[in-house]
Amino acid sequence: MANKIKHLLNVSLLFSAACLLAMIFNISAYQLSLAPLALTYVPLAFIGQAYAMGLLLLIALLPFFWMPKKWFSTLFALAGGSLFFLLAIDSWVFSVYRFHINSFFINMFFTDRAGMGIETSSLVFGGLVWLLVITLFYFLALKLSGVGKLLRLFGLYFFLFVLTFIGQSIHAWGYAHNMKKIVSLTHVIPLYYPLIATKDIKKWGWFREDLVEDNLVVDLDDINGFNYPLAPLNCPAASETNIIVATLESWRFDRMNPRVTPNIYNIGHQSLIFNNHLSTGTVTDRGLFGLLYGVSPAYLTSAFGAGKEPALISALQSMKYQSWVLANQDIEVNKLDKLFFPKIKPLQSNGRGQVFEGDAGIVTQLIEQIERRDETRPFFGYLLFNSSHFPYWTPPDYIKPFEPSERFSPSKATDDTQPEPYFNQYSNSIHYIDSLIGQLQVALKSKGLWENTILVITGDHGEEFRDQSVAYWGHGSNFSRFQSGVPLVIHWPGLMPAAIDYRTSHEDVFATLVTDALNCGIEFSDISTGASLFSDESRVNIIESYVIQAIVDGDVVTELYPGFVKNYALEDISKEEKASAKSIQGVQRVLSQFR
């Protein structure tokens with residue numbers, strides 16, 4: 001029995017060592033640092049991930065450890081050798097595409113291999129290498145049978161556990177303090193989900209604000225994981241154009257019309273309406289990241305530690321804009337204030353009073369700031385409204401245009417829940433925010449600022465009310481147009497009114513402002529993974545929820561899950577579609593652009 005247990009422990013350690021060898025090739029995508037904490041963390045992160053993979057294989061093989069030595073070694077060779085082979089292939093894929101093997105890649109391999117450029121000769125060669133790896137694992141497993149003392153093997157496992165725990169603790173500390181050399185390693189290691197404990201670190205009194213401030217200072221020669229922007233902005237010294245951006249929580253594409261949003265609708269029809277616009281997320285942080293940075297949310301984790309700011313914000317700072325940030329929801333808890341506006345202290349970064357009071361308050365505060373502004377300098381304002389987040393808020397005395405209406409909690413919804421009263425209250429909440437936008441427009445016009453102010457109005461993501469054959473509610477659960485499609489309306493003085501029907505994305509918006517409104521001398525691709533709002537070129541979009549990633553190519557959505565993909569039409573989740581392998585080229589471009 002002891003020999004069989006030793007055999008199990010030994011082959012698991014062998015697999016861990018092989019995994020470490022395969023993964024370490026990815027280190028070329030990470031710029032090593034001489035900082036002591038990073039020098040400690042990097043090897044611990046790789047060792048910890050290899051240890052975790054070996055532990056999972058040990059658990060999988062545990063029911064079979066009683067088998068004869070040769071049979072067990074054969075089973076280990078087939079399982080461990082195949083997994084190591086896939087991990088080695090993943091390292092090659094990552095070196096070429098800058099993304100790890102995922103379910104979309106696997107699906108395309110089996111359905112459209114020719115479109116990926118993989119020839120039969122490559123498959124034959126790969127098959128021979130796979131057999132060689134399995135054979136090698138088999139003979140190594142036999143050689144390791146009975147090697148070592150059982151107590152020492154358990155001690156080694158415990159030692160590796162301690163190293164893993166230390167590495168995870170370093171990541172939690174580094175993530176909480178924006179340490180770019182710590183968090184920018186995450187995308188390099190396959191299947192790596194490091195520990196995050198910012199709330200606990202603050203609760204235990206271990207959080208150091210001074211370290212956060214220090215890590216916002218960026219050494220341009222010491223950047224990795226998110227090399228953004230790719231060139232200097234080269235903006236003019238001054239501008240006379242003011243910019244205001246208003247983001248409505250959970251505002252989906254079909255809730256911009258004369259009944260729901262009369263003020264915004266009129267603004268759009270006097271300037272620009274984008275009728276086929278997608279967010280970069282079905283949750284707030286992913287949607288706002290794509291909007292403010294102009295970059296795919298696939299870079300979100302790396303950006304947290306890179307010490308950067310959106311190109312538009314950098315341009316405004318260099319051009320001496322007065323800047324005011326007002327959010328009626330907590331953007332501090334996820335560090336979005338530091339991520340988006342590291343050099344601007346928000347006038348408001350959380351909710352105040354009732355939600356509808358907070359929304360009215362941020363408009364009032366912005367108007368007050370405009371009244372007290374330095375009139376020799378242009379201004380930028382960012383507003384984040386929250387009344388349209390469930391349960392959907394309106395003031396008690398607000399005259400609701402949509403009845404019957406009732407506030408809503410998605411957790412109480414079932415397949416049989418009738419959406420009408422909740423959808424009506426959702427529309428009422430947007431109608432209320434529209435009235436606040438109307439107040440802002442009146443204020444700008446009364447001060448003679450309307451004709452030199454660009455006003456961008458959009459949503460962070462959509463919202464669903466059992467709109468499809470499958471009963472979905474709220475957001476963050478699929479990537480159909482109901483959850484990913486949002487309105488985009490831009491009042492842009494000097495441009496002819498237009499309704500634009502080709503596909504646009506959040507990635508396009510702020511970069512277009514940098515190049516076309518502020519006239520900065522930089523290539524669009526140096527600050528965005530998208531395309532100009534005024535270009536009808538095709539786009540491959542990556543959209544994310546908190547746990548799932550999707551690729552949208554045309555009207556085909558490909559959801560990526562561990563081990564499989566789910567394809568459906570953007571307009572109807574019940575309609576199956578087939579993705580094209582050409583999407584991989586678009587994804588490769590996006591994921592390698594700022595690495």
# chains A, B, ... in the order shown; residues from 1 in each chain; ligands from 1
call {"tool": "select_by_dssp", "arguments": {"residues": "region 74-290 of chain A", "states": "strand (DSSP E or B)", "output": "list in words"}}
result
Asn242, Ile243, Ile244, Val245, Ala246, Thr247, Leu248, Leu272, Ile273, Phe274, His277, Leu278 and Gly281 of chain A
call {"tool": "write_last_selection", "arguments": {"atoms": "C-alpha atoms", "output": "PDB file, in the first residue's frame"}}
result
ATOM      1  CA  ASN A 242     -15.927  70.981 -24.092  1.00  0.00           C
ATOM      2  CA  ILE A 243     -16.716  67.285 -23.643  1.00  0.00           C
ATOM      3  CA  ILE A 244     -19.350  65.685 -21.415  1.00  0.00           C
ATOM      4  CA  VAL A 245     -19.929  61.926 -21.246  1.00  0.00           C
ATOM      5  CA  ALA A 246     -23.090  60.541 -19.629  1.00  0.00           C
ATOM      6  CA  THR A 247     -23.387  56.804 -18.966  1.00  0.00           C
ATOM      7  CA  LEU A 248     -26.733  55.273 -18.032  1.00  0.00           C
ATOM      8  CA  LEU A 272     -25.509  61.543 -34.414  1.00  0.00           C
ATOM      9  CA  ILE A 273     -27.332  58.321 -33.533  1.00  0.00           C
ATOM     10  CA  PHE A 274     -25.539  54.972 -33.766  1.00  0.00           C
ATOM     11  CA  HIS A 277     -23.726  49.808 -31.148  1.00  0.00           C
ATOM     12  CA  LEU A 278     -22.346  47.173 -28.762  1.00  0.00           C
ATOM     13  CA  GLY A 281     -19.319  44.093 -21.439  1.00  0.00           C
TER      14      GLY A 281
END
call {"tool": "closest_atom_pairs", "arguments": {"of": "region 427-448 of chain A", "to": "region 347-368 of chain A", "cutoff": "8 Å", "atoms": "only C-alpha atoms", "output": "JSON lines"}}
result
{"residue": "A:Ile433", "atom": "CA", "partner": "A:Asp359", "partner_atom": "CA", "distance": 7.5}
{"residue": "A:Leu436", "atom": "CA", "partner": "A:Ala360", "partner_atom": "CA", "distance": 6.6}
{"residue": "A:Ile437", "atom": "CA", "partner": "A:Val363", "partner_atom": "CA", "distance": 7.9}
{"residue": "A:Leu440", "atom": "CA", "partner": "A:Val363", "partner_atom": "CA", "distance": 6.7}
{"residue": "A:Ala443", "atom": "CA", "partner": "A:Ile367", "partner_atom": "CA", "distance": 7.0}
call {"tool": "residues_around", "arguments": {"residues": "region 538-546 of chain A", "least_positions_apart": "5", "cutoff": "7 Å", "atoms": "only C-alpha atoms", "output": "list in words"}}
result
Thr280, Gly281, Thr282, Val283, Arg286, Ser296, Pro297, Gly476, Ile551, Val552, Asp553, Ser583, Gly586 and Val587 of chain A
call {"tool": "residues_around", "arguments": {"residues": "Glu559 (chain A)", "least_positions_apart": "2", "cutoff": "9 Å", "atoms": "only C-alpha atoms", "output": "PyMOL selection string"}}
result
chain A and resi 103-104+478-479+548-552+557+561+564-568
call {"tool": "write_last_selection", "arguments": {"atoms": "N, CA and C atoms", "output": "PDB file, in the first residue's frame"}}
result
ATOM      1  N   SER A 103     -12.026  27.388 -25.650  1.00  0.00           N
ATOM      2  CA  SER A 103     -13.027  26.549 -26.301  1.00  0.00           C
ATOM      3  C   SER A 103     -13.287  26.983 -27.734  1.00  0.00           C
ATOM      4  N   PHE A 104     -13.162  28.281 -28.028  1.00  0.00           N
ATOM      5  CA  PHE A 104     -13.361  28.752 -29.401  1.00  0.00           C
ATOM      6  C   PHE A 104     -12.273  28.193 -30.325  1.00  0.00           C
ATOM      7  N   ASN A 478     -25.821  36.447 -20.666  1.00  0.00           N
ATOM      8  CA  ASN A 478     -25.574  36.037 -22.051  1.00  0.00           C
ATOM      9  C   ASN A 478     -25.111  37.262 -22.830  1.00  0.00           C
ATOM     10  N   PHE A 479     -24.873  37.078 -24.126  1.00  0.00           N
ATOM     11  CA  PHE A 479     -24.304  38.160 -24.931  1.00  0.00           C
ATOM     12  C   PHE A 479     -25.195  38.512 -26.118  1.00  0.00           C
ATOM     13  N   ILE A 548     -17.484  34.981 -18.042  1.00  0.00           N
ATOM     14  CA  ILE A 548     -17.486  34.393 -19.385  1.00  0.00           C
ATOM     15  C   ILE A 548     -17.033  35.442 -20.397  1.00  0.00           C
ATOM     16  N   GLN A 549     -16.378  34.962 -21.443  1.00  0.00           N
ATOM     17  CA  GLN A 549     -15.940  35.810 -22.541  1.00  0.00           C
ATOM     18  C   GLN A 549     -16.651  35.356 -23.804  1.00  0.00           C
ATOM     19  N   ALA A 550     -16.944  36.305 -24.684  1.00  0.00           N
ATOM     20  CA  ALA A 550     -17.602  35.972 -25.945  1.00  0.00           C
ATOM     21  C   ALA A 550     -16.944  36.736 -27.078  1.00  0.00           C
ATOM     22  N   ILE A 551     -17.003  36.135 -28.261  1.00  0.00           N
ATOM     23  CA  ILE A 551     -16.538  36.778 -29.484  1.00  0.00           C
ATOM     24  C   ILE A 551     -17.769  37.063 -30.335  1.00  0.00           C
ATOM     25  N   VAL A 552     -17.890  38.312 -30.788  1.00  0.00           N
ATOM     26  CA  VAL A 552     -19.001  38.687 -31.663  1.00  0.00           C
ATOM     27  C   VAL A 552     -18.409  39.081 -33.010  1.00  0.00           C
ATOM     28  N   VAL A 557     -22.549  35.167 -32.229  1.00  0.00           N
ATOM     29  CA  VAL A 557     -21.952  35.219 -30.896  1.00  0.00           C
ATOM     30  C   VAL A 557     -21.350  33.856 -30.586  1.00  0.00           C
ATOM     31  N   TYR A 561     -16.589  28.713 -23.030  1.00  0.00           N
ATOM     32  CA  TYR A 561     -16.641  28.014 -21.752  1.00  0.00           C
ATOM     33  C   TYR A 561     -15.449  27.062 -21.677  1.00  0.00           C
ATOM     34  N   PHE A 564     -15.873  23.888 -24.150  1.00  0.00           N
ATOM     35  CA  PHE A 564     -16.833  23.917 -25.245  1.00  0.00           C
ATOM     36  C   PHE A 564     -17.232  25.357 -25.538  1.00  0.00           C
ATOM     37  N   VAL A 565     -17.880  25.541 -26.692  1.00  0.00           N
ATOM     38  CA  VAL A 565     -18.362  26.860 -27.081  1.00  0.00           C
ATOM     39  C   VAL A 565     -19.860  26.778 -27.336  1.00  0.00           C
ATOM     40  N   LYS A 566     -20.482  27.926 -27.297  1.00  0.00           N
ATOM     41  CA  LYS A 566     -21.908  28.023 -27.580  1.00  0.00           C
ATOM     42  C   LYS A 566     -22.093  29.126 -28.609  1.00  0.00           C
ATOM     43  N   ASN A 567     -22.625  28.771 -29.770  1.00  0.00           N
ATOM     44  CA  ASN A 567     -22.829  29.728 -30.851  1.00  0.00           C
ATOM     45  C   ASN A 567     -24.311  30.045 -31.010  1.00  0.00           C
ATOM     46  N   TYR A 568     -24.613  31.317 -31.187  1.00  0.00           N
ATOM     47  CA  TYR A 568     -26.000  31.709 -31.439  1.00  0.00           C
ATOM     48  C   TYR A 568     -26.030  33.067 -32.110  1.00  0.00           C
TER      49      TYR A 568
END
call {"tool": "residues_around", "arguments": {"residues": "Met67 (chain A)", "least_positions_apart": "5", "cutoff": "12 Å", "atoms": "only C-alpha atoms", "output": "ChimeraX atom specification"}}
result
/A:1,3-5,7-8,61-62,72-76
call {"tool": "select_by_dssp", "arguments": {"residues": "region 183-382 of chain A", "states": "alpha helix (DSSP H)", "output": "ChimeraX atom specification"}}
result
/A:183,198-203,209-215,262-269,284-293,300-304,311-318,336-340,355-371
call {"tool": "residues_around", "arguments": {"residues": "region 16-22 of chain A", "least_positions_apart": "6", "cutoff": "6 Å", "atoms": "only C-alpha atoms", "output": "VMD selection string"}}
result
chain A and resid 50 to 51 54 88
call {"tool": "closest_residue", "arguments": {"among": "A:Ala298, A:Ile457, A:Val514, A:Leu128", "to": "Leu316 (chain A)", "atoms": "only C-alpha atoms"}}
result
A:Val514
call {"tool": "residues_around", "arguments": {"residues": "Leu156 (chain A)", "least_positions_apart": "6", "cutoff": "12 Å", "atoms": "only C-alpha atoms", "output": "JSON, numbers by chain"}}
result
{"A": [9, 10, 12, 13, 51, 148, 149, 150, 162, 163]}
call {"tool": "closest_residue", "arguments": {"among": "A:Lys181, A:Arg503, A:Lys308, A:Lys335", "to": "Ser535 (chain A)", "atoms": "only C-alpha atoms"}}
result
A:Arg503
call {"tool": "decode", "arguments": {"residues": "region 342-383 of chain A", "atoms": "N, CA and C atoms", "output": "PDB file, in the first residue's frame"}}
result
ATOM      1  N   PRO A 342      -6.931  58.236 -12.553  1.00  0.00           N
ATOM      2  CA  PRO A 342      -5.929  58.203 -11.484  1.00  0.00           C
ATOM      3  C   PRO A 342      -5.454  59.573 -11.023  1.00  0.00           C
ATOM      4  N   LYS A 343      -5.554  60.591 -11.906  1.00  0.00           N
ATOM      5  CA  LYS A 343      -5.075  61.929 -11.548  1.00  0.00           C
ATOM      6  C   LYS A 343      -6.211  62.917 -11.324  1.00  0.00           C
ATOM      7  N   ILE A 344      -7.439  62.397 -11.314  1.00  0.00           N
ATOM      8  CA  ILE A 344      -8.611  63.256 -11.084  1.00  0.00           C
ATOM      9  C   ILE A 344      -9.351  62.728  -9.862  1.00  0.00           C
ATOM     10  N   LYS A 345      -9.511  63.544  -8.873  1.00  0.00           N
ATOM     11  CA  LYS A 345     -10.269  63.124  -7.694  1.00  0.00           C
ATOM     12  C   LYS A 345     -11.752  63.335  -7.979  1.00  0.00           C
ATOM     13  N   PRO A 346     -12.543  62.274  -8.016  1.00  0.00           N
ATOM     14  CA  PRO A 346     -13.972  62.439  -8.315  1.00  0.00           C
ATOM     15  C   PRO A 346     -14.672  63.341  -7.308  1.00  0.00           C
ATOM     16  N   LEU A 347     -15.558  64.192  -7.799  1.00  0.00           N
ATOM     17  CA  LEU A 347     -16.409  64.970  -6.896  1.00  0.00           C
ATOM     18  C   LEU A 347     -17.377  64.045  -6.175  1.00  0.00           C
ATOM     19  N   GLN A 348     -17.743  62.952  -6.837  1.00  0.00           N
ATOM     20  CA  GLN A 348     -18.583  61.933  -6.209  1.00  0.00           C
ATOM     21  C   GLN A 348     -18.221  60.595  -6.822  1.00  0.00           C
ATOM     22  N   SER A 349     -17.974  59.602  -5.989  1.00  0.00           N
ATOM     23  CA  SER A 349     -17.586  58.280  -6.485  1.00  0.00           C
ATOM     24  C   SER A 349     -18.443  57.179  -5.883  1.00  0.00           C
ATOM     25  N   ASN A 350     -19.591  57.547  -5.305  1.00  0.00           N
ATOM     26  CA  ASN A 350     -20.511  56.558  -4.744  1.00  0.00           C
ATOM     27  C   ASN A 350     -21.901  57.170  -4.659  1.00  0.00           C
ATOM     28  N   GLY A 351     -22.870  56.363  -4.273  1.00  0.00           N
ATOM     29  CA  GLY A 351     -24.228  56.851  -4.185  1.00  0.00           C
ATOM     30  C   GLY A 351     -24.451  57.766  -2.998  1.00  0.00           C
ATOM     31  N   ARG A 352     -25.373  58.703  -3.141  1.00  0.00           N
ATOM     32  CA  ARG A 352     -25.726  59.607  -2.048  1.00  0.00           C
ATOM     33  C   ARG A 352     -27.246  59.704  -1.950  1.00  0.00           C
ATOM     34  N   GLY A 353     -27.761  59.431  -0.744  1.00  0.00           N
ATOM     35  CA  GLY A 353     -29.201  59.465  -0.541  1.00  0.00           C
ATOM     36  C   GLY A 353     -29.884  58.355  -1.313  1.00  0.00           C
ATOM     37  N   GLN A 354     -31.163  58.540  -1.592  1.00  0.00           N
ATOM     38  CA  GLN A 354     -31.867  57.600  -2.457  1.00  0.00           C
ATOM     39  C   GLN A 354     -31.224  57.634  -3.837  1.00  0.00           C
ATOM     40  N   VAL A 355     -31.322  56.532  -4.571  1.00  0.00           N
ATOM     41  CA  VAL A 355     -30.633  56.441  -5.855  1.00  0.00           C
ATOM     42  C   VAL A 355     -31.078  57.549  -6.795  1.00  0.00           C
ATOM     43  N   PHE A 356     -32.365  57.810  -6.868  1.00  0.00           N
ATOM     44  CA  PHE A 356     -32.857  58.873  -7.754  1.00  0.00           C
ATOM     45  C   PHE A 356     -32.369  60.249  -7.297  1.00  0.00           C
ATOM     46  N   GLU A 357     -32.177  60.433  -5.989  1.00  0.00           N
ATOM     47  CA  GLU A 357     -31.632  61.697  -5.485  1.00  0.00           C
ATOM     48  C   GLU A 357     -30.172  61.853  -5.902  1.00  0.00           C
ATOM     49  N   GLY A 358     -29.442  60.750  -5.860  1.00  0.00           N
ATOM     50  CA  GLY A 358     -28.047  60.789  -6.272  1.00  0.00           C
ATOM     51  C   GLY A 358     -27.892  61.157  -7.735  1.00  0.00           C
ATOM     52  N   ASP A 359     -28.776  60.633  -8.592  1.00  0.00           N
ATOM     53  CA  ASP A 359     -28.701  60.973 -10.012  1.00  0.00           C
ATOM     54  C   ASP A 359     -28.988  62.453 -10.243  1.00  0.00           C
ATOM     55  N   ALA A 360     -30.012  62.964  -9.570  1.00  0.00           N
ATOM     56  CA  ALA A 360     -30.294  64.398  -9.690  1.00  0.00           C
ATOM     57  C   ALA A 360     -29.124  65.221  -9.158  1.00  0.00           C
ATOM     58  N   GLY A 361     -28.500  64.709  -8.090  1.00  0.00           N
ATOM     59  CA  GLY A 361     -27.402  65.442  -7.466  1.00  0.00           C
ATOM     60  C   GLY A 361     -26.174  65.575  -8.346  1.00  0.00           C
ATOM     61  N   ILE A 362     -25.842  64.536  -9.129  1.00  0.00           N
ATOM     62  CA  ILE A 362     -24.633  64.644  -9.951  1.00  0.00           C
ATOM     63  C   ILE A 362     -24.831  65.649 -11.089  1.00  0.00           C
ATOM     64  N   VAL A 363     -26.056  65.768 -11.596  1.00  0.00           N
ATOM     65  CA  VAL A 363     -26.329  66.784 -12.611  1.00  0.00           C
ATOM     66  C   VAL A 363     -26.227  68.178 -11.996  1.00  0.00           C
ATOM     67  N   THR A 364     -26.816  68.341 -10.799  1.00  0.00           N
ATOM     68  CA  THR A 364     -26.736  69.639 -10.111  1.00  0.00           C
ATOM     69  C   THR A 364     -25.296  70.033  -9.843  1.00  0.00           C
ATOM     70  N   GLN A 365     -24.495  69.081  -9.374  1.00  0.00           N
ATOM     71  CA  GLN A 365     -23.093  69.370  -9.078  1.00  0.00           C
ATOM     72  C   GLN A 365     -22.325  69.755 -10.341  1.00  0.00           C
ATOM     73  N   LEU A 366     -22.592  69.049 -11.449  1.00  0.00           N
ATOM     74  CA  LEU A 366     -21.892  69.381 -12.688  1.00  0.00           C
ATOM     75  C   LEU A 366     -22.252  70.784 -13.155  1.00  0.00           C
ATOM     76  N   ILE A 367     -23.525  71.126 -13.093  1.00  0.00           N
ATOM     77  CA  ILE A 367     -23.944  72.468 -13.506  1.00  0.00           C
ATOM     78  C   ILE A 367     -23.295  73.527 -12.622  1.00  0.00           C
ATOM     79  N   GLU A 368     -23.188  73.248 -11.324  1.00  0.00           N
ATOM     80  CA  GLU A 368     -22.522  74.195 -10.415  1.00  0.00           C
ATOM     81  C   GLU A 368     -21.052  74.362 -10.769  1.00  0.00           C
ATOM     82  N   GLN A 369     -20.395  73.273 -11.105  1.00  0.00           N
ATOM     83  CA  GLN A 369     -18.981  73.358 -11.486  1.00  0.00           C
ATOM     84  C   GLN A 369     -18.818  74.164 -12.769  1.00  0.00           C
ATOM     85  N   ILE A 370     -19.717  73.971 -13.716  1.00  0.00           N
ATOM     86  CA  ILE A 370     -19.654  74.730 -14.966  1.00  0.00           C
ATOM     87  C   ILE A 370     -19.836  76.220 -14.697  1.00  0.00           C
ATOM     88  N   GLU A 371     -20.744  76.544 -13.777  1.00  0.00           N
ATOM     89  CA  GLU A 371     -20.968  77.954 -13.441  1.00  0.00           C
ATOM     90  C   GLU A 371     -19.739  78.582 -12.796  1.00  0.00           C
ATOM     91  N   ARG A 372     -18.966  77.787 -12.029  1.00  0.00           N
ATOM     92  CA  ARG A 372     -17.799  78.310 -11.316  1.00  0.00           C
ATOM     93  C   ARG A 372     -16.494  78.082 -12.063  1.00  0.00           C
ATOM     94  N   ARG A 373     -16.578  77.613 -13.307  1.00  0.00           N
ATOM     95  CA  ARG A 373     -15.390  77.214 -14.046  1.00  0.00           C
ATOM     96  C   ARG A 373     -14.482  78.404 -14.367  1.00  0.00           C
ATOM     97  N   ASP A 374     -13.266  78.062 -14.732  1.00  0.00           N
ATOM     98  CA  ASP A 374     -12.343  79.035 -15.310  1.00  0.00           C
ATOM     99  C   ASP A 374     -12.704  79.162 -16.787  1.00  0.00           C
ATOM    100  N   GLU A 375     -13.270  80.274 -17.188  1.00  0.00           N
ATOM    101  CA  GLU A 375     -13.792  80.421 -18.544  1.00  0.00           C
ATOM    102  C   GLU A 375     -12.707  80.491 -19.604  1.00  0.00           C
ATOM    103  N   THR A 376     -11.441  80.547 -19.194  1.00  0.00           N
ATOM    104  CA  THR A 376     -10.356  80.568 -20.169  1.00  0.00           C
ATOM    105  C   THR A 376      -9.926  79.157 -20.565  1.00  0.00           C
ATOM    106  N   ARG A 377     -10.506  78.148 -19.902  1.00  0.00           N
ATOM    107  CA  ARG A 377     -10.120  76.762 -20.173  1.00  0.00           C
ATOM    108  C   ARG A 377     -11.357  75.923 -20.492  1.00  0.00           C
ATOM    109  N   PRO A 378     -11.231  74.952 -21.404  1.00  0.00           N
ATOM    110  CA  PRO A 378     -12.356  74.058 -21.680  1.00  0.00           C
ATOM    111  C   PRO A 378     -12.548  73.081 -20.518  1.00  0.00           C
ATOM    112  N   PHE A 379     -13.655  72.334 -20.546  1.00  0.00           N
ATOM    113  CA  PHE A 379     -13.936  71.410 -19.447  1.00  0.00           C
ATOM    114  C   PHE A 379     -14.372  70.050 -19.969  1.00  0.00           C
ATOM    115  N   PHE A 380     -14.196  69.063 -19.083  1.00  0.00           N
ATOM    116  CA  PHE A 380     -14.642  67.689 -19.318  1.00  0.00           C
ATOM    117  C   PHE A 380     -15.453  67.241 -18.106  1.00  0.00           C
ATOM    118  N   GLY A 381     -16.599  66.639 -18.368  1.00  0.00           N
ATOM    119  CA  GLY A 381     -17.419  66.096 -17.286  1.00  0.00           C
ATOM    120  C   GLY A 381     -17.817  64.659 -17.586  1.00  0.00           C
ATOM    121  N   TYR A 382     -17.737  63.814 -16.564  1.00  0.00           N
ATOM    122  CA  TYR A 382     -18.181  62.429 -16.709  1.00  0.00           C
ATOM    123  C   TYR A 382     -19.261  62.140 -15.677  1.00  0.00           C
ATOM    124  N   LEU A 383     -20.409  61.653 -16.150  1.00  0.00           N
ATOM    125  CA  LEU A 383     -21.553  61.352 -15.287  1.00  0.00           C
ATOM    126  C   LEU A 383     -21.893  59.870 -15.404  1.00  0.00           C
TER     127      LEU A 383
END
